[in-house]
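Chemist: Contents of input19.cif (mmCIF, C-alpha atoms) are given next:
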```
data_my_file
#
loop_
_atom_site.label_atom_id
_atom_site.label_comp_id
_atom_site.auth_asym_id
_atom_site.auth_seq_id
_atom_site.Cartn_x
_atom_site.Cartn_y
_atom_site.Cartn_z
CA MET C 263 0.00 0.00 0.00
CA SER C 264 1.44 3.38 -0.95
CA ASP C 265 1.46 6.41 1.35
CA ASN C 266 -1.03 8.03 -0.95
CA GLU C 267 -4.41 8.48 0.75
CA PHE C 268 -6.33 6.98 -2.17
CA GLU C 269 -3.70 4.59 -3.57
CA SER C 270 -3.92 6.48 -6.85
CA SER C 271 -2.22 9.76 -7.67
CA LEU C 272 -4.84 10.44 -10.36
CA LEU C 273 -7.66 10.16 -7.85
CA GLU C 274 -5.65 12.08 -5.26
CA ASN C 275 -5.07 14.89 -7.75
CA ALA C 276 -8.70 15.06 -8.89
CA VAL C 277 -9.90 15.14 -5.27
CA ASN C 278 -7.39 17.87 -4.44
CA GLN C 279 -8.54 19.97 -7.39
CA LEU C 280 -12.25 19.43 -6.77
CA SER C 281 -11.92 20.27 -3.08
CA ARG C 282 -10.53 23.70 -3.99
CA LEU C 283 -14.02 24.62 -5.23
CA PRO C 284 -16.08 26.65 -2.74
CA GLY C 285 -18.36 24.55 -0.56
CA ILE C 286 -16.75 21.28 -1.63
CA GLY C 287 -14.73 19.51 1.04
CA ARG C 288 -12.54 16.45 0.58
CA LYS C 289 -15.37 14.02 1.33
CA THR C 290 -17.65 15.56 -1.28
CA ALA C 291 -14.76 15.79 -3.73
CA LEU C 292 -14.10 12.06 -3.32
CA ARG C 293 -17.80 11.32 -3.76
CA LEU C 294 -17.87 13.36 -6.99
CA ALA C 295 -14.71 11.71 -8.33
CA LEU C 296 -16.01 8.20 -7.60
CA HIS C 297 -19.35 9.16 -9.14
CA LEU C 298 -17.56 10.17 -12.34
CA LEU C 299 -15.70 6.86 -12.37
CA ARG C 300 -18.99 5.00 -12.21
CA GLN C 301 -20.35 6.83 -15.27
CA GLU C 302 -19.53 6.34 -18.94
CA MET C 303 -16.04 7.71 -19.51
CA SER C 304 -17.46 10.39 -21.83
CA VAL C 305 -19.32 12.05 -18.92
CA GLY C 306 -16.12 12.89 -17.07
CA LEU C 307 -14.24 13.79 -20.23
CA SER C 308 -16.97 16.27 -21.28
CA LEU C 309 -17.01 17.80 -17.82
CA GLY C 310 -13.24 18.25 -17.76
CA GLN C 311 -13.19 19.65 -21.28
CA SER C 312 -16.07 22.06 -20.60
CA ILE C 313 -14.16 23.50 -17.63
CA ILE C 314 -10.99 23.88 -19.70
CA ASP C 315 -12.95 25.51 -22.55
CA LEU C 316 -14.66 27.83 -20.07
CA CYS C 317 -11.40 29.02 -18.56
CA ASN C 318 -9.69 29.34 -21.92
CA GLY C 319 -12.59 31.00 -23.72
CA ILE C 320 -14.13 33.45 -21.27
CA ARG C 321 -12.62 36.86 -20.68
CA TYR C 322 -13.96 40.09 -19.23
CA CYS C 323 -15.49 42.76 -21.47
CA SER C 324 -12.99 45.61 -21.68
CA ILE C 325 -15.80 48.16 -21.35
CA CYS C 326 -18.25 46.85 -18.72
CA HIS C 327 -16.20 44.01 -17.14
CA ASN C 328 -19.02 41.52 -17.58
CA ILE C 329 -17.91 38.04 -18.69
CA SER C 330 -17.73 37.68 -22.45
CA GLU C 331 -16.39 35.39 -25.15
CA THR C 332 -15.29 38.45 -27.10
CA GLU C 333 -13.21 41.58 -26.35
CA ILE C 334 -16.43 43.61 -26.14
CA CYS C 335 -19.47 41.80 -24.69
CA PRO C 336 -22.76 41.36 -26.63
CA VAL C 337 -24.51 44.00 -24.49
CA CYS C 338 -21.85 46.69 -25.00
CA SER C 339 -21.62 45.96 -28.73
CA ASP C 340 -25.40 45.91 -29.25
CA PRO C 341 -26.43 49.13 -31.10
CA VAL C 342 -30.08 48.61 -30.07
CA ARG C 343 -29.30 48.95 -26.35
CA ASP C 344 -29.47 52.38 -24.76
CA HIS C 345 -25.84 53.44 -24.25
CA THR C 346 -26.86 56.61 -22.39
CA MET C 347 -27.76 54.59 -19.27
CA ILE C 348 -25.14 52.72 -17.27
CA CYS C 349 -26.38 50.30 -14.64
CA VAL C 350 -23.67 49.74 -12.00
CA VAL C 351 -23.83 46.27 -10.43
CA GLU C 352 -21.72 44.26 -8.02
CA THR C 353 -21.29 40.99 -9.91
CA VAL C 354 -21.76 39.17 -13.20
CA LYS C 355 -24.69 37.33 -11.58
CA ASP C 356 -26.46 40.64 -10.97
CA VAL C 357 -26.29 41.38 -14.71
CA MET C 358 -27.98 38.02 -15.32
CA SER C 359 -30.65 38.80 -12.70
CA ILE C 360 -31.44 42.21 -14.20
CA GLU C 361 -31.44 40.82 -17.74
CA ARG C 362 -33.97 38.19 -16.68
CA THR C 363 -36.41 40.91 -15.57
CA GLY C 364 -36.57 42.16 -19.16
CA GLN C 365 -37.09 45.69 -17.73
CA TYR C 366 -33.71 47.21 -18.58
CA HIS C 367 -32.33 48.06 -21.98
CA GLY C 368 -29.26 50.13 -21.14
CA VAL C 369 -25.70 48.94 -20.61
CA TYR C 370 -23.86 47.75 -17.49
CA HIS C 371 -20.76 48.30 -15.44
CA VAL C 372 -19.67 45.40 -13.23
CA LEU C 373 -17.70 46.55 -10.16
CA GLY C 374 -16.54 43.07 -9.20
CA GLY C 375 -17.66 43.49 -5.59
CA VAL C 376 -18.52 46.13 -3.02
CA ILE C 377 -16.34 48.13 -0.65
CA SER C 378 -15.87 45.96 2.43
CA PRO C 379 -13.04 46.99 4.76
CA MET C 380 -13.71 43.88 6.90
CA ASP C 381 -12.75 41.70 3.90
CA GLY C 382 -9.92 44.03 2.90
CA ILE C 383 -11.76 45.21 -0.22
CA GLY C 384 -11.14 48.92 -0.82
CA PRO C 385 -12.33 51.09 -3.73
CA ASP C 386 -9.12 50.38 -5.66
CA ALA C 387 -9.90 46.66 -5.83
CA LEU C 388 -13.11 47.48 -7.71
CA GLU C 389 -13.83 48.84 -11.19
CA ILE C 390 -14.74 52.28 -9.84
CA SER C 391 -12.04 54.39 -11.49
CA SER C 392 -12.85 52.77 -14.85
CA LEU C 393 -16.50 53.74 -14.26
CA ILE C 394 -15.51 57.37 -13.70
CA GLU C 395 -13.34 57.33 -16.85
CA ARG C 396 -16.25 55.83 -18.76
CA ILE C 397 -18.60 58.57 -17.52
CA ASP C 398 -16.04 61.20 -18.60
CA SER C 399 -15.47 59.70 -22.05
CA ASP C 400 -19.00 58.48 -22.93
CA GLY C 401 -21.03 61.17 -21.14
CA PRO C 402 -24.07 58.99 -20.26
CA ASP C 403 -27.34 60.65 -19.21
CA GLU C 404 -27.93 58.38 -16.22
CA VAL C 405 -25.97 56.14 -13.89
CA ILE C 406 -28.13 53.63 -12.00
CA LEU C 407 -26.52 52.40 -8.80
CA ALA C 408 -28.01 48.89 -8.65
CA LEU C 409 -26.11 47.66 -5.62
CA GLY C 410 -27.51 45.59 -2.78
CA SER C 411 -29.38 47.26 0.07
CA THR C 412 -26.70 46.20 2.55
CA MET C 413 -24.26 48.27 4.58
CA GLU C 414 -21.50 47.54 2.06
CA GLY C 415 -23.77 48.18 -0.92
CA GLU C 416 -24.93 51.53 0.46
CA THR C 417 -21.37 52.53 1.33
CA THR C 418 -20.21 51.70 -2.19
CA SER C 419 -23.13 53.60 -3.72
CA PHE C 420 -22.28 56.62 -1.62
CA TYR C 421 -18.58 56.38 -2.50
CA ILE C 422 -19.37 56.28 -6.22
CA TYR C 423 -21.84 59.17 -5.80
CA ARG C 424 -19.03 61.23 -4.23
CA GLN C 425 -16.56 60.23 -6.94
CA ILE C 426 -18.93 61.29 -9.69
CA GLY C 427 -19.18 64.62 -7.86
CA THR C 428 -20.29 67.52 -10.00
CA ARG C 429 -20.23 65.70 -13.32
CA LYS C 430 -23.43 66.36 -15.26
CA VAL C 431 -25.14 62.96 -15.01
CA LYS C 432 -28.32 61.84 -13.31
CA ILE C 433 -27.55 59.38 -10.52
CA THR C 434 -30.34 57.01 -9.50
CA GLN C 435 -30.62 53.93 -7.33
CA LEU C 436 -32.98 50.95 -7.27
CA ALA C 437 -36.31 51.59 -5.52
CA ARG C 438 -36.55 50.34 -1.95
CA GLY C 439 -39.97 49.14 -0.86
CA LEU C 440 -42.31 46.23 -0.33
CA SER C 441 -41.34 43.03 -2.11
CA VAL C 442 -44.02 42.16 -4.64
CA GLY C 443 -46.42 39.73 -2.96
CA ASN C 444 -45.41 40.73 0.57
CA GLU C 445 -47.83 41.77 3.29
CA LEU C 446 -47.20 44.86 5.43
CA GLU C 447 -47.31 42.72 8.56
CA TYR C 448 -44.17 40.86 7.53
CA THR C 449 -42.22 43.80 6.12
CA ASP C 450 -39.48 45.19 8.36
CA GLU C 451 -39.76 48.75 9.70
CA LEU C 452 -36.90 50.23 7.68
CA THR C 453 -38.28 48.89 4.39
CA LEU C 454 -41.81 49.98 5.25
CA GLY C 455 -40.53 53.44 6.23
CA ARG C 456 -38.67 53.77 2.93
CA SER C 457 -41.70 52.59 0.99
CA ILE C 458 -43.80 55.37 2.60
CA LEU C 459 -41.17 58.05 1.91
CA ASN C 460 -40.70 56.89 -1.70
CA ARG C 461 -44.39 56.29 -2.41
CA THR C 462 -45.33 56.59 -6.08
CA VAL C 463 -48.44 58.00 -7.78
CA PHE C 464 -51.00 55.20 -7.83
CA SER C 465 -51.47 54.96 -11.59
CA ASP C 466 -47.73 54.40 -11.97
CA SER C 467 -48.11 50.80 -11.04
CA PHE C 468 -50.35 50.20 -14.05
CA ASN C 469 -48.18 52.05 -16.53
CA ARG C 470 -45.12 49.92 -16.07
CA MET A 234 -29.20 39.48 -26.07
CA SER A 235 -29.10 35.87 -27.26
CA ASP A 236 -31.64 33.22 -26.22
CA ASN A 237 -28.88 31.54 -24.28
CA GLU A 238 -29.56 31.72 -20.53
CA PHE A 239 -26.05 32.94 -19.76
CA GLU A 240 -25.23 34.78 -23.00
CA SER A 241 -22.28 32.45 -23.43
CA SER A 242 -22.36 28.93 -24.80
CA LEU A 243 -19.11 28.14 -22.98
CA LEU A 244 -20.62 29.09 -19.63
CA GLU A 245 -23.88 27.36 -20.53
CA ASN A 246 -22.00 24.16 -21.37
CA ALA A 247 -19.86 24.22 -18.22
CA VAL A 248 -22.97 24.82 -16.06
CA ASN A 249 -24.78 21.96 -17.80
CA GLN A 250 -21.88 19.60 -17.23
CA LEU A 251 -21.30 20.63 -13.61
CA SER A 252 -24.99 20.32 -12.76
CA ARG A 253 -24.92 16.65 -13.84
CA LEU A 254 -22.83 15.95 -10.74
CA PRO A 255 -24.79 14.54 -7.79
CA GLY A 256 -25.94 17.19 -5.32
CA ILE A 257 -25.06 20.06 -7.63
CA GLY A 258 -27.99 21.97 -9.06
CA ARG A 259 -27.88 24.69 -11.71
CA LYS A 260 -27.46 27.50 -9.19
CA THR A 261 -24.49 25.84 -7.53
CA ALA A 262 -23.05 24.93 -10.92
CA LEU A 263 -23.23 28.59 -11.97
CA ARG A 264 -21.61 29.66 -8.70
CA LEU A 265 -18.77 27.18 -9.25
CA ALA A 266 -18.24 28.27 -12.85
CA LEU A 267 -18.17 31.96 -11.93
CA HIS A 268 -15.81 31.15 -9.05
CA LEU A 269 -13.42 29.49 -11.51
CA LEU A 270 -13.59 32.53 -13.77
CA ARG A 271 -12.54 34.75 -10.88
CA GLN A 272 -9.43 32.65 -10.18
CA GLU A 273 -6.15 32.49 -12.08
CA MET A 274 -6.80 30.67 -15.35
CA SER A 275 -4.48 27.84 -14.24
CA VAL A 276 -6.86 26.84 -11.41
CA GLY A 277 -9.66 25.94 -13.81
CA LEU A 278 -7.32 24.38 -16.34
CA SER A 279 -5.78 22.10 -13.68
CA LEU A 280 -9.22 21.11 -12.44
CA GLY A 281 -10.45 20.27 -15.94
CA GLN A 282 -7.28 18.36 -16.77
CA SER A 283 -7.33 16.41 -13.48
CA ILE A 284 -10.87 15.21 -14.24
CA ILE A 285 -9.89 14.19 -17.77
CA ASP A 286 -6.78 12.38 -16.48
CA LEU A 287 -8.87 10.66 -13.82
CA CYS A 288 -11.41 9.35 -16.30
CA ASN A 289 -8.74 8.34 -18.82
CA GLY A 290 -6.36 6.79 -16.33
CA ILE A 291 -8.48 4.92 -13.82
CA ARG A 292 -9.82 1.48 -14.59
CA TYR A 293 -11.18 -1.33 -12.42
CA CYS A 294 -8.88 -4.08 -11.16
CA SER A 295 -9.71 -7.22 -13.14
CA ILE A 296 -9.47 -9.34 -9.98
CA CYS A 297 -11.12 -7.39 -7.15
CA HIS A 298 -12.92 -4.60 -9.10
CA ASN A 299 -11.41 -1.88 -6.93
CA ILE A 300 -10.30 1.24 -8.83
CA SER A 301 -6.75 1.03 -10.10
CA GLU A 302 -4.34 2.72 -12.48
CA THR A 303 -3.13 -0.70 -13.59
CA GLU A 304 -4.78 -3.90 -14.88
CA ILE A 305 -4.25 -5.50 -11.43
CA CYS A 306 -4.54 -3.15 -8.43
CA PRO A 307 -1.68 -2.63 -5.93
CA VAL A 308 -3.48 -4.69 -3.26
CA CYS A 309 -4.07 -7.72 -5.51
CA SER A 310 -0.51 -7.58 -6.87
CA ASP A 311 1.10 -7.17 -3.42
CA PRO A 312 2.81 -10.47 -2.46
CA VAL A 313 2.98 -9.39 1.20
CA ARG A 314 -0.83 -9.28 1.55
CA ASP A 315 -2.67 -12.38 2.67
CA HIS A 316 -4.34 -13.76 -0.45
CA THR A 317 -6.15 -16.47 1.52
CA MET A 318 -8.63 -13.92 2.92
CA ILE A 319 -11.09 -12.10 0.67
CA CYS A 320 -12.97 -9.20 2.20
CA VAL A 321 -16.22 -8.58 0.28
CA VAL A 322 -17.30 -4.92 0.32
CA GLU A 323 -19.99 -2.85 -1.32
CA THR A 324 -17.97 0.04 -2.75
CA VAL A 325 -14.51 1.39 -3.48
CA LYS A 326 -14.98 3.77 -0.55
CA ASP A 327 -15.39 0.82 1.81
CA VAL A 328 -11.97 -0.47 0.73
CA MET A 329 -10.52 2.94 1.65
CA SER A 330 -12.31 2.87 5.02
CA ILE A 331 -11.01 -0.60 5.89
CA GLU A 332 -7.49 0.25 4.68
CA ARG A 333 -7.48 3.28 6.97
CA THR A 334 -8.13 1.07 10.01
CA GLY A 335 -4.79 -0.68 9.36
CA GLN A 336 -6.37 -3.86 10.80
CA TYR A 337 -6.73 -5.87 7.59
CA HIS A 338 -3.99 -7.38 5.46
CA GLY A 339 -5.92 -9.64 3.12
CA VAL A 340 -7.35 -8.83 -0.30
CA TYR A 341 -10.73 -7.42 -1.35
CA HIS A 342 -13.66 -8.01 -3.65
CA VAL A 343 -15.76 -4.96 -4.53
CA LEU A 344 -19.38 -5.87 -5.38
CA GLY A 345 -20.26 -2.44 -6.75
CA GLY A 346 -23.40 -2.17 -4.63
CA VAL A 347 -25.88 -4.31 -2.69
CA ILE A 348 -28.99 -6.15 -3.79
CA SER A 349 -31.82 -3.65 -3.73
CA PRO A 350 -34.99 -4.63 -5.60
CA MET A 351 -36.46 -1.17 -4.88
CA ASP A 352 -33.68 0.40 -6.95
CA GLY A 353 -33.81 -2.37 -9.53
CA ILE A 354 -30.44 -3.79 -8.48
CA GLY A 355 -30.44 -7.58 -8.65
CA PRO A 356 -27.56 -10.00 -8.00
CA ASP A 357 -26.61 -9.98 -11.69
CA ALA A 358 -25.81 -6.26 -11.55
CA LEU A 359 -23.16 -6.96 -8.90
CA GLU A 360 -19.80 -8.73 -8.97
CA ILE A 361 -21.18 -11.79 -7.20
CA SER A 362 -20.62 -14.43 -9.90
CA SER A 363 -17.03 -13.23 -10.30
CA LEU A 364 -16.61 -13.69 -6.52
CA ILE A 365 -17.83 -17.29 -6.73
CA GLU A 366 -15.47 -17.95 -9.67
CA ARG A 367 -12.63 -16.43 -7.67
CA ILE A 368 -13.41 -18.65 -4.68
CA ASP A 369 -13.44 -21.68 -7.00
CA SER A 370 -10.16 -20.81 -8.70
CA ASP A 371 -8.15 -19.31 -5.80
CA GLY A 372 -9.53 -21.46 -2.98
CA PRO A 373 -9.27 -18.85 -0.20
CA ASP A 374 -9.46 -19.94 3.47
CA GLU A 375 -11.87 -17.19 4.51
CA VAL A 376 -14.43 -14.86 2.93
CA ILE A 377 -15.33 -11.87 5.12
CA LEU A 378 -18.72 -10.39 4.27
CA ALA A 379 -18.04 -6.75 5.19
CA LEU A 380 -21.35 -5.30 4.02
CA GLY A 381 -23.40 -2.67 5.83
CA SER A 382 -25.74 -3.68 8.62
CA THR A 383 -28.77 -2.58 6.60
CA MET A 384 -31.66 -4.60 5.19
CA GLU A 385 -29.97 -4.58 1.76
CA GLY A 386 -26.55 -5.39 3.20
CA GLU A 387 -27.89 -8.34 5.20
CA THR A 388 -29.87 -9.61 2.21
CA THR A 389 -26.78 -9.45 0.01
CA SER A 390 -24.66 -11.21 2.65
CA PHE A 391 -27.24 -13.96 2.88
CA TYR A 392 -27.47 -14.29 -0.90
CA ILE A 393 -23.68 -14.65 -1.18
CA TYR A 394 -23.68 -17.13 1.73
CA ARG A 395 -26.21 -19.25 -0.19
CA GLN A 396 -24.25 -18.95 -3.43
CA ILE A 397 -21.05 -20.13 -1.76
CA GLY A 398 -23.08 -23.09 -0.53
CA THR A 399 -21.04 -26.13 0.39
CA ARG A 400 -17.70 -24.82 -0.88
CA LYS A 401 -14.98 -25.40 1.72
CA VAL A 402 -14.36 -21.82 2.87
CA LYS A 403 -14.90 -20.09 6.21
CA ILE A 404 -17.53 -17.36 5.86
CA THR A 405 -17.42 -14.55 8.42
CA GLN A 406 -19.07 -11.19 8.82
CA LEU A 407 -18.12 -7.96 10.60
CA ALA A 408 -18.86 -7.94 14.33
CA ARG A 409 -22.04 -6.14 15.35
CA GLY A 410 -21.91 -4.38 18.69
CA LEU A 411 -21.45 -1.14 20.58
CA SER A 412 -19.69 1.62 18.67
CA VAL A 413 -16.41 2.43 20.38
CA GLY A 414 -17.04 5.39 22.69
CA ASN A 415 -20.81 4.81 22.85
CA GLU A 416 -22.79 4.49 26.07
CA LEU A 417 -25.33 1.68 26.53
CA GLU A 418 -28.05 4.25 27.15
CA TYR A 419 -27.79 5.53 23.59
CA THR A 420 -27.33 2.20 21.85
CA ASP A 421 -30.40 0.82 20.08
CA GLU A 422 -31.97 -2.45 21.30
CA LEU A 423 -31.04 -4.54 18.28
CA THR A 424 -27.38 -3.56 18.47
CA LEU A 425 -27.28 -4.05 22.24
CA GLY A 426 -28.95 -7.46 21.85
CA ARG A 427 -26.37 -8.50 19.23
CA SER A 428 -23.53 -7.26 21.40
CA ILE A 429 -24.74 -9.48 24.27
CA LEU A 430 -25.13 -12.55 22.03
CA ASN A 431 -21.72 -11.98 20.41
CA ARG A 432 -19.90 -11.06 23.61
CA THR A 433 -16.16 -11.78 23.57
CA VAL A 434 -13.77 -13.01 26.30
CA PHE A 435 -12.68 -9.94 28.24
CA SER A 436 -8.93 -10.20 27.65
CA ASP A 437 -9.59 -10.16 23.87
CA SER A 438 -9.99 -6.44 23.95
CA PHE A 439 -6.42 -5.99 25.16
CA ASN A 440 -4.87 -8.41 22.71
CA ARG A 441 -5.91 -6.59 19.57
#
```
Would you mind writing the file out in structure tokens?
Modeler:
Amino acid sequence: MSDNEFESSLLENAVNQLSRLPGIGRKTALRLALHLLRQEMSVGLSLGQSIIDLCNGIRYCSICHNISETEICPVCSDPVRDHTMICVVETVKDVMSIERTGQYHGVYHVLGGVISPMDGIGPDALEISSLIERIDSDGPDEVILALGSTMEGETTSFYIYRQIGTRKVKITQLARGLSVGNELEYTDELTLGRSILNRTVFSDSFNR
Amino acid sequence: MSDNEFESSLLENAVNQLSRLPGIGRKTALRLALHLLRQEMSVGLSLGQSIIDLCNGIRYCSICHNISETEICPVCSDPVRDHTMICVVETVKDVMSIERTGQYHGVYHVLGGVISPMDGIGPDALEISSLIERIDSDGPDEVILALGSTMEGETTSFYIYRQIGTRKVKITQLARGLSVGNELEYTDELTLGRSILNRTVFSDSFNR
């Protein structure tokens, strides 16, 4: 018996690599590896190849920093989209979420995170200076700060607001209020308070 | 915007492949893929390659059906191991578990599962006939039925016991009893009953 935990350096290596993924410990990694070995060989080969292709083929859009297979992503290169509105989001996933709503037709700017001193993430680690440059060069009409309603999200929004300073651009943020389908009874005080302050004219809700 | 859920066929493909893994849904698969894209490219490339190498390089030992990088696994080809004892286990993982105890120096036979009519697994789906052939050709002194103490495990043990029939070989099974470190109060009746019936001479515990 070798010293190797699994008696196979191939298995050992695959388990090591799989357990580097977030939320996957060594036990789960071993379970996944043994699962692959029980399948047709093509299953594992396709999985491995798809990961290699992903890492080789995906880059970040040089304009909005969303993931893209091309230098400029499909959104930024789409002439039909409204390039006078820039929606600032935290992550690539947020772009997907907003796209799924079908309510937004402008372009994006992915920060790559939010300011979080606790995690050692300062403004310089994010795509904030490139956003300011983009505002200066493209002169958009509106910048939508679509960051989370968390301490870090609000801080980041405020930081960007200050950075934009006196530049002539409308700065908006996502509406805070009742979640659709929620009852008042189960809505927290802060949200309810905001939804009273930011109340909208009744007919608005039908004109969306 | 394309019809593609993620605007990228590479990402789509990687998510599809990852979500075929057990316990990984589409949301987790997307999280894993995006995690890989945030790392150095080499992280994803090594992961993909390790999975491909695993699936290309691992086969099943032609004698004991354990995973192996060679036609005959290191255990079966080790002259120091006791080839007169065959330990019958359900899965490759069970071999690893028993090896870790350091208490067993014989060889193995991996069934690849247990008889489970509910899951459509009959005796023919398992490596039972190859076990019988091996007993006939190698003439071992002892066959240890090291299957789980579940309904399916017991059924499978009994089935193998019947298949071995009148062949001249000692058939044993793993001891049932108190888990080491457990108190009587928290041991279930069946286990406690078995541990009384199968009690051992006191000094035995010191001679291990």
Chemist: For the point (-17.0, 10.9, -15.3) in file coordinates, what residues are within 9 Å, counting all atoms listed in the file? Give the answer as JSON, numbers by chain?
Modeler: {"C": [294, 295, 296, 297, 298, 299, 300, 301, 302, 303, 304, 305, 306, 307, 308, 309, 310], "A": [254, 284, 285, 287, 288]}
Chemist: With a distance cut-off of 10 Å and only C-alpha atoms, select the neighbouring residues of region 369-378 of chain C, excluding the residue or stretch itself and same-chain residues fewer than 2 positions from it, and output the selection as a PyMOL selection string.
Modeler: (chain C and resi 322-323+325-329+337-340+343-357+360+366-367+380-393+396+405-410+412-419+421) or (chain A and resi 271)
Chemist: Env of Ser295 (chain A): 9 Å cut, atoms = all atoms listed in the file, seq-sep filter 4 positions within chain, self excluded. Answer as a VMD selection string.
Modeler: chain A and resid 299 304 to 306
Chemist: Would you give the centre and edge lengths, in Å to one decimal, of a box along x, y and z around the listed atoms of region 344-359 of chain A, with 8 Å added to each side, as AutoDock Vina command-line options?
Modeler:
```
--center_x -27.9 --center_y -4.8 --center_z -7.2 --size_x 33.1 --size_y 26.4 --size_z 25.0
```
Chemist: Nearest to chain A among C:Ser271, C:Thr290, C:Ser312, C:Thr453, with distances taken over all atoms listed in the file: which residue is it?
Modeler: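 Ranked by minimum distance to chain A, first place goes to C:Ser312.
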Chemist: Please compute the CA of Arg424 (chain C)-CA of Gly439 (chain C) distance, one decimal, in Å.
Modeler: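 If I compute the distance from CA of Arg424 (chain C) to CA of Gly439 (chain C), I get 24.4 Å.
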Chemist: I'd like the interatomic distance between CA of Lys401 (chain A) and CA of Asp369 (chain A), to a tenth of an Å.
Modeler: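 Atom-to-atom, CA of Lys401 (chain A) and CA of Asp369 (chain A) are spaced 9.6 Å apart.
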Chemist: Just the number, please: distance in Å from CA of Val277 (chain C) to CA of Leu292 (chain C), one decimal.
Modeler: 5.6 Å
Chemist: I want to know what sits within 8 Å of Ser281 (chain C), based on all atoms listed in the file, with residues of the same chain fewer than 5 positions away left out; could you give that as a list in words?
Modeler: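 Those residues are Ile286, Gly287, Arg288, Thr290 and Ala291 of chain C.
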Chemist: Pick out the closest residue to chain A from this set: C:Ile458, C:Leu280, C:Ile397, C:Ile422. Count all atoms listed in the file.
Modeler: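 Between C:Ile458, C:Leu280, C:Ile397, C:Ile422, the residue approaching chain A most closely is C:Leu280.
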Chemist: Residues near Arg429 (chain C), anyone? I mean within 10 Å using all atoms listed in the file, not counting same-chain ones fewer than 3 positions away, as a list of chain:residue names.
Modeler: C:Ile394, C:Ile397, C:Asp398, C:Gly401, C:Gln425, C:Ile426, C:Lys432
